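Structure file model_30.cif (mmCIF, C-alpha atoms) is printed below.
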```cif
data_model
loop_
_atom_site.label_atom_id
_atom_site.label_comp_id
_atom_site.auth_asym_id
_atom_site.auth_seq_id
_atom_site.Cartn_x
_atom_site.Cartn_y
_atom_site.Cartn_z
CA MET A 28 8.15 16.42 -3.48
CA ILE A 29 5.24 13.98 -3.34
CA LYS A 30 3.35 13.67 -0.06
CA PHE A 31 0.43 11.47 0.98
CA LYS A 32 -1.10 12.09 4.40
CA GLU A 33 -3.82 9.70 5.61
CA VAL A 34 -5.05 9.22 2.05
CA TYR A 35 -8.11 7.10 1.29
CA LYS A 36 -9.67 6.41 -2.10
CA THR A 37 -12.99 4.62 -2.48
CA TYR A 38 -14.46 4.29 -5.97
CA GLU A 39 -18.14 4.74 -6.71
CA ASN A 40 -18.63 0.97 -6.93
CA GLY A 41 -17.47 0.66 -3.34
CA THR A 42 -13.94 -0.59 -4.03
CA LYS A 43 -11.56 0.65 -1.33
CA ALA A 44 -8.42 1.12 -3.43
CA ILE A 45 -6.28 3.16 -1.00
CA ARG A 46 -6.61 2.84 2.76
CA GLY A 47 -4.86 5.39 4.94
CA ILE A 48 -1.53 5.75 3.13
CA ASN A 49 1.17 8.05 4.49
CA LEU A 50 4.12 8.47 2.15
CA ASP A 51 6.78 11.09 1.37
CA ILE A 52 8.98 10.99 -1.76
CA ASP A 53 11.64 13.68 -1.63
CA ASP A 54 13.09 15.58 -4.57
CA GLY A 55 15.82 13.58 -6.28
CA GLU A 56 14.80 10.16 -4.95
CA PHE A 57 14.56 6.95 -6.95
CA VAL A 58 11.66 4.83 -5.69
CA PHE A 59 10.17 1.52 -6.75
CA LEU A 60 6.44 1.16 -6.06
CA VAL A 61 5.61 -2.53 -5.94
CA GLY A 62 2.80 -4.87 -4.95
CA PRO A 63 0.53 -7.57 -6.34
CA SER A 64 -2.11 -6.97 -9.00
CA GLY A 65 -5.01 -4.97 -7.58
CA SER A 66 -2.94 -3.65 -4.67
CA GLY A 67 -3.60 0.02 -5.50
CA LYS A 68 -0.46 0.94 -7.46
CA SER A 69 -2.37 2.39 -10.43
CA THR A 70 -4.69 4.33 -8.14
CA LEU A 71 -1.70 5.86 -6.38
CA VAL A 72 -0.28 7.02 -9.73
CA LYS A 73 -3.64 8.50 -10.78
CA LEU A 74 -3.78 10.45 -7.52
CA ILE A 75 -0.32 11.88 -8.25
CA THR A 76 -1.15 12.88 -11.83
CA GLY A 77 -4.54 14.33 -10.90
CA GLU A 78 -6.60 11.87 -12.96
CA ILE A 79 -8.65 11.16 -9.83
CA CYS A 80 -9.10 12.81 -6.45
CA ALA A 81 -8.69 11.27 -3.02
CA THR A 82 -11.84 10.49 -1.03
CA SER A 83 -10.09 11.93 2.03
CA GLY A 84 -6.63 12.92 3.18
CA VAL A 85 -4.01 15.18 1.62
CA VAL A 86 -2.04 14.62 -1.60
CA GLU A 87 0.67 17.18 -2.43
CA VAL A 88 2.65 17.04 -5.67
CA ASN A 89 5.43 19.51 -6.50
CA GLY A 90 3.89 22.21 -4.35
CA TYR A 91 0.28 21.65 -5.47
CA ASP A 92 -2.41 20.52 -3.05
CA MET A 93 -4.25 17.98 -5.20
CA THR A 94 -7.39 18.21 -3.06
CA ARG A 95 -7.71 21.94 -3.80
CA ILE A 96 -6.03 22.37 -7.17
CA LYS A 97 -8.02 24.39 -9.69
CA ARG A 98 -8.61 23.11 -13.21
CA ARG A 99 -6.61 25.96 -14.72
CA GLN A 100 -3.60 24.89 -12.63
CA MET A 101 -3.58 21.30 -13.89
CA PRO A 102 -1.54 22.01 -17.06
CA LYS A 103 1.17 23.67 -14.92
CA LEU A 104 1.25 20.70 -12.57
CA ARG A 105 1.46 18.21 -15.43
CA ARG A 106 4.41 20.04 -16.95
CA THR A 107 6.34 19.07 -13.82
CA LEU A 108 5.51 15.38 -14.41
CA GLY A 109 6.73 13.06 -17.14
CA VAL A 110 4.85 9.78 -17.47
CA VAL A 111 6.18 6.67 -19.22
CA PHE A 112 3.63 3.95 -20.03
CA GLN A 113 4.00 0.22 -20.55
CA ASP A 114 2.46 0.39 -24.04
CA PHE A 115 4.67 3.35 -25.13
CA ARG A 116 1.69 5.34 -26.56
CA LEU A 117 3.64 6.62 -29.55
CA ILE A 118 1.78 7.84 -32.64
CA ASP A 119 2.64 5.38 -35.43
CA LYS A 120 2.05 7.83 -38.29
CA LYS A 121 4.33 10.51 -36.86
CA THR A 122 8.13 10.44 -36.94
CA ILE A 123 10.10 10.13 -33.72
CA PHE A 124 10.87 13.84 -33.91
CA GLU A 125 7.17 14.66 -34.34
CA ASN A 126 6.17 12.37 -31.45
CA ILE A 127 8.52 14.10 -29.05
CA ALA A 128 7.97 17.62 -30.41
CA PHE A 129 4.20 17.17 -29.95
CA ALA A 130 4.72 16.99 -26.18
CA MET A 131 6.41 20.40 -26.31
CA ARG A 132 3.84 21.98 -28.60
CA ILE A 133 0.89 21.10 -26.38
CA VAL A 134 2.46 23.07 -23.51
CA GLY A 135 3.17 26.07 -25.75
CA ALA A 136 6.94 25.79 -26.10
CA PRO A 137 8.48 28.32 -28.52
CA THR A 138 9.14 26.79 -31.95
CA LYS A 139 12.83 27.75 -31.88
CA GLU A 140 13.34 25.68 -28.72
CA ILE A 141 11.79 22.48 -30.01
CA ARG A 142 14.43 21.03 -32.32
CA PRO A 143 17.44 21.53 -30.02
CA ARG A 144 15.51 20.13 -27.05
CA VAL A 145 14.32 17.07 -29.00
CA GLU A 146 17.86 16.44 -30.22
CA TYR A 147 19.13 16.75 -26.64
CA VAL A 148 16.72 14.17 -25.18
CA LEU A 149 17.29 11.76 -28.08
CA ASP A 150 21.00 11.93 -27.35
CA LEU A 151 20.31 11.46 -23.64
CA VAL A 152 18.43 8.20 -24.23
CA GLY A 153 21.07 6.94 -26.65
CA LEU A 154 19.14 7.26 -29.92
CA PRO A 155 20.50 10.42 -31.56
CA GLY A 156 20.09 9.25 -35.15
CA CYS A 157 16.45 8.18 -35.24
CA ALA A 158 14.56 11.50 -35.41
CA ASP A 159 13.25 10.78 -38.90
CA SER A 160 12.30 7.15 -38.21
CA TYR A 161 8.80 5.96 -37.38
CA PRO A 162 7.92 4.04 -34.20
CA LEU A 163 7.21 0.73 -35.96
CA GLU A 164 10.69 0.82 -37.48
CA LEU A 165 12.19 0.52 -33.99
CA SER A 166 12.45 -2.37 -31.55
CA GLY A 167 10.34 -2.49 -28.40
CA GLY A 168 13.28 -1.38 -26.27
CA GLU A 169 14.00 1.51 -28.62
CA GLN A 170 10.35 2.57 -28.58
CA GLN A 171 10.43 2.63 -24.78
CA ARG A 172 13.53 4.83 -24.91
CA ILE A 173 11.62 7.20 -27.19
CA ALA A 174 8.73 7.21 -24.71
CA ILE A 175 11.22 8.17 -21.99
CA ALA A 176 12.65 10.93 -24.21
CA ARG A 177 9.13 12.29 -24.73
CA ALA A 178 8.53 12.24 -20.97
CA LEU A 179 11.77 14.17 -20.43
CA VAL A 180 11.40 16.77 -23.16
CA ASN A 181 9.57 19.37 -21.03
CA ASN A 182 12.20 19.03 -18.28
CA PRO A 183 9.88 17.64 -15.57
CA SER A 184 11.04 17.38 -11.98
CA VAL A 185 9.42 13.93 -11.64
CA ILE A 186 9.35 10.94 -13.98
CA ILE A 187 6.67 8.31 -13.30
CA ALA A 188 7.34 5.05 -15.14
CA ASP A 189 4.26 2.82 -15.00
CA GLU A 190 5.34 -0.78 -15.73
CA PRO A 191 7.97 0.55 -18.18
CA THR A 192 9.47 -2.86 -18.91
CA GLY A 193 6.27 -4.88 -19.29
CA ASN A 194 6.45 -5.15 -23.08
CA ILE A 195 10.17 -5.72 -23.60
CA ASP A 196 12.54 -8.63 -23.02
CA PRO A 197 14.68 -8.99 -19.84
CA ALA A 198 17.91 -7.69 -21.38
CA ARG A 199 16.20 -4.54 -22.70
CA SER A 200 14.37 -4.19 -19.35
CA LEU A 201 17.69 -3.90 -17.56
CA GLU A 202 18.85 -1.27 -20.07
CA ILE A 203 15.70 0.79 -19.48
CA MET A 204 16.17 0.64 -15.70
CA ARG A 205 19.79 1.74 -16.03
CA LEU A 206 18.67 4.62 -18.23
CA LEU A 207 16.16 5.71 -15.59
CA GLU A 208 18.92 5.45 -13.00
CA GLN A 209 21.10 7.77 -15.11
CA ILE A 210 18.23 10.24 -15.43
CA ASN A 211 17.81 10.17 -11.65
CA GLU A 212 21.52 10.91 -11.22
CA LEU A 213 20.97 14.11 -13.21
CA GLY A 214 18.56 15.26 -10.47
CA THR A 215 15.14 14.07 -11.66
CA THR A 216 12.93 12.26 -9.17
CA VAL A 217 12.02 8.81 -10.52
CA LEU A 218 9.08 6.66 -9.43
CA VAL A 219 8.94 3.23 -11.08
CA VAL A 220 5.76 1.18 -10.72
CA THR A 221 6.46 -2.48 -11.35
CA HIS A 222 5.67 -6.05 -10.35
CA GLU A 223 8.99 -7.43 -11.64
CA LYS A 224 10.66 -8.64 -8.46
CA GLU A 225 13.85 -9.83 -10.13
CA LEU A 226 14.41 -6.44 -11.76
CA VAL A 227 13.86 -4.51 -8.52
CA ASN A 228 16.26 -6.82 -6.71
CA ARG A 229 19.05 -5.84 -9.15
CA PHE A 230 19.03 -2.29 -7.78
CA ALA A 231 19.65 -1.07 -4.24
CA LYS A 232 16.92 1.55 -4.27
CA ARG A 233 14.06 2.54 -1.99
CA VAL A 234 11.19 0.08 -2.32
CA VAL A 235 7.64 1.03 -1.29
CA VAL A 236 5.31 -1.97 -1.06
CA ILE A 237 1.53 -1.69 -1.03
CA ASP A 238 -1.03 -4.47 -0.67
CA SER A 239 -4.82 -4.19 -0.50
CA GLY A 240 -4.49 -0.41 -0.57
CA ARG A 241 -2.20 -0.24 2.47
CA LEU A 242 1.49 0.58 2.71
CA VAL A 243 3.08 -2.60 4.06
CA GLY A 244 6.76 -1.97 3.43
CA ASP A 245 9.15 0.94 2.88
CA GLY A 246 12.91 0.71 2.86
CA VAL A 247 16.11 0.44 0.88
CA SER A 248 16.72 -3.18 0.07
CA GLY A 249 18.29 -5.41 -2.53
CA TYR A 250 15.54 -7.97 -2.03
CA TYR A 251 11.82 -7.95 -1.52
CA SER A 252 8.96 -10.38 -1.98
CA TYR A 253 5.18 -10.49 -1.69
CA GLU A 254 2.41 -12.97 -2.27
CA GLU A 255 0.56 -12.72 -5.58
#
```
Structure translated into structure tokens:
Amino acid sequence: MIKFKEVYKTYENGTKAIRGINLDIDDGEFVFLVGPSGSGKSTLVKLITGEICATSGVVEVNGYDMTRIKRRQMPKLRRTLGVVFQDFRLIDKKTIFENIAFAMRIVGAPTKEIRPRVEYVLDLVGLPGCADSYPLELSGGEQQRIAIARALVNNPSVIIADEPTGNIDPARSLEIMRLLEQINELGTTVLVVTHEKELVNRFAKRVVVIDSGRLVGDGVSGYYSYEE
């Protein structure tokens, strides 16, 4: 579960990025987080992943109080989160297998578990035969699928996809969203941060809208809009 209670975030330069947000995301939900550029979406994600701390209020993520979490607990928290980035962040000089396996090695997974788990997530994202390929040999949509496989490999309870379709064409974007929907159906909580209105409107999911750091909309809808 992800919970925000009266959360404020003001940066050192005085920017008020988050202003009194109350928000609950339950286990197993699929949620779109939307809003115009500069609305606070990225700040909200950083509060969830522990990159930054709230100025005031309570942020709880998968049982951890982010206002009180100790540094030694951060690796355990982050194992429960899988993050997918717009720019993929794959290592060009490593094979697909090595890219995904690296995510397991940094959390201390036993060597004997790595290959079967990597093969499982590659099959899950529909790319079972590309373990020995390199990222630049794949299309943008395929690279994003690999990034999703890497996010899944440690079996997180939550996937956060931050503008996951920003660097791929519309047809591949729809494929990626359907893949995330399938992952959600397997029980993983999915939070998708996006500004692509047309894509969101293709799915009848919960849509959380923020603007100027405030929550201005929250509901299940096949259509939403905001002013850029």
Practice task
Please check which residues have atoms at most 12 Å from (17.9, 11.6, -32.5) in the file's coordinates, counting all atoms listed in the file, and write them as a ChimeraX atom specification.
Solution key: /A:122-128,142-161,169,172-173,176-177
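CA of Ala174 (chain A) is found 12.5 Å from CA of Asp119 (chain A).
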Problem - Answer as number ranges by chain, residues within 12 Å of (13.7, -8.2, -19.1) using all atoms listed in the file - result: A: 167-168, 190-204, 223-227, 229
Closest-contact table, region 98-212 of chain A side, partner region 77-91 of chain A, 10 Å, counting only C-alpha atoms, as a tab-separated table:
```
residue	atom	partner	partner_atom	distance
A:Arg98	CA	A:Gly77	CA	9.9
A:Gln100	CA	A:Tyr91	CA	8.8
A:Met101	CA	A:Gly77	CA	7.6
A:Lys103	CA	A:Tyr91	CA	9.7
A:Leu104	CA	A:Tyr91	CA	7.2
A:Arg105	CA	A:Gly77	CA	8.5
A:Thr107	CA	A:Asn89	CA	7.4
A:Leu108	CA	A:Asn89	CA	8.9
A:Ser184	CA	A:Asn89	CA	8.1
A:Val185	CA	A:Asn89	CA	8.6
```
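Take CA of Lys36 (chain A) and CA of Gly62 (chain A): the distance between them is 17.1 Å.
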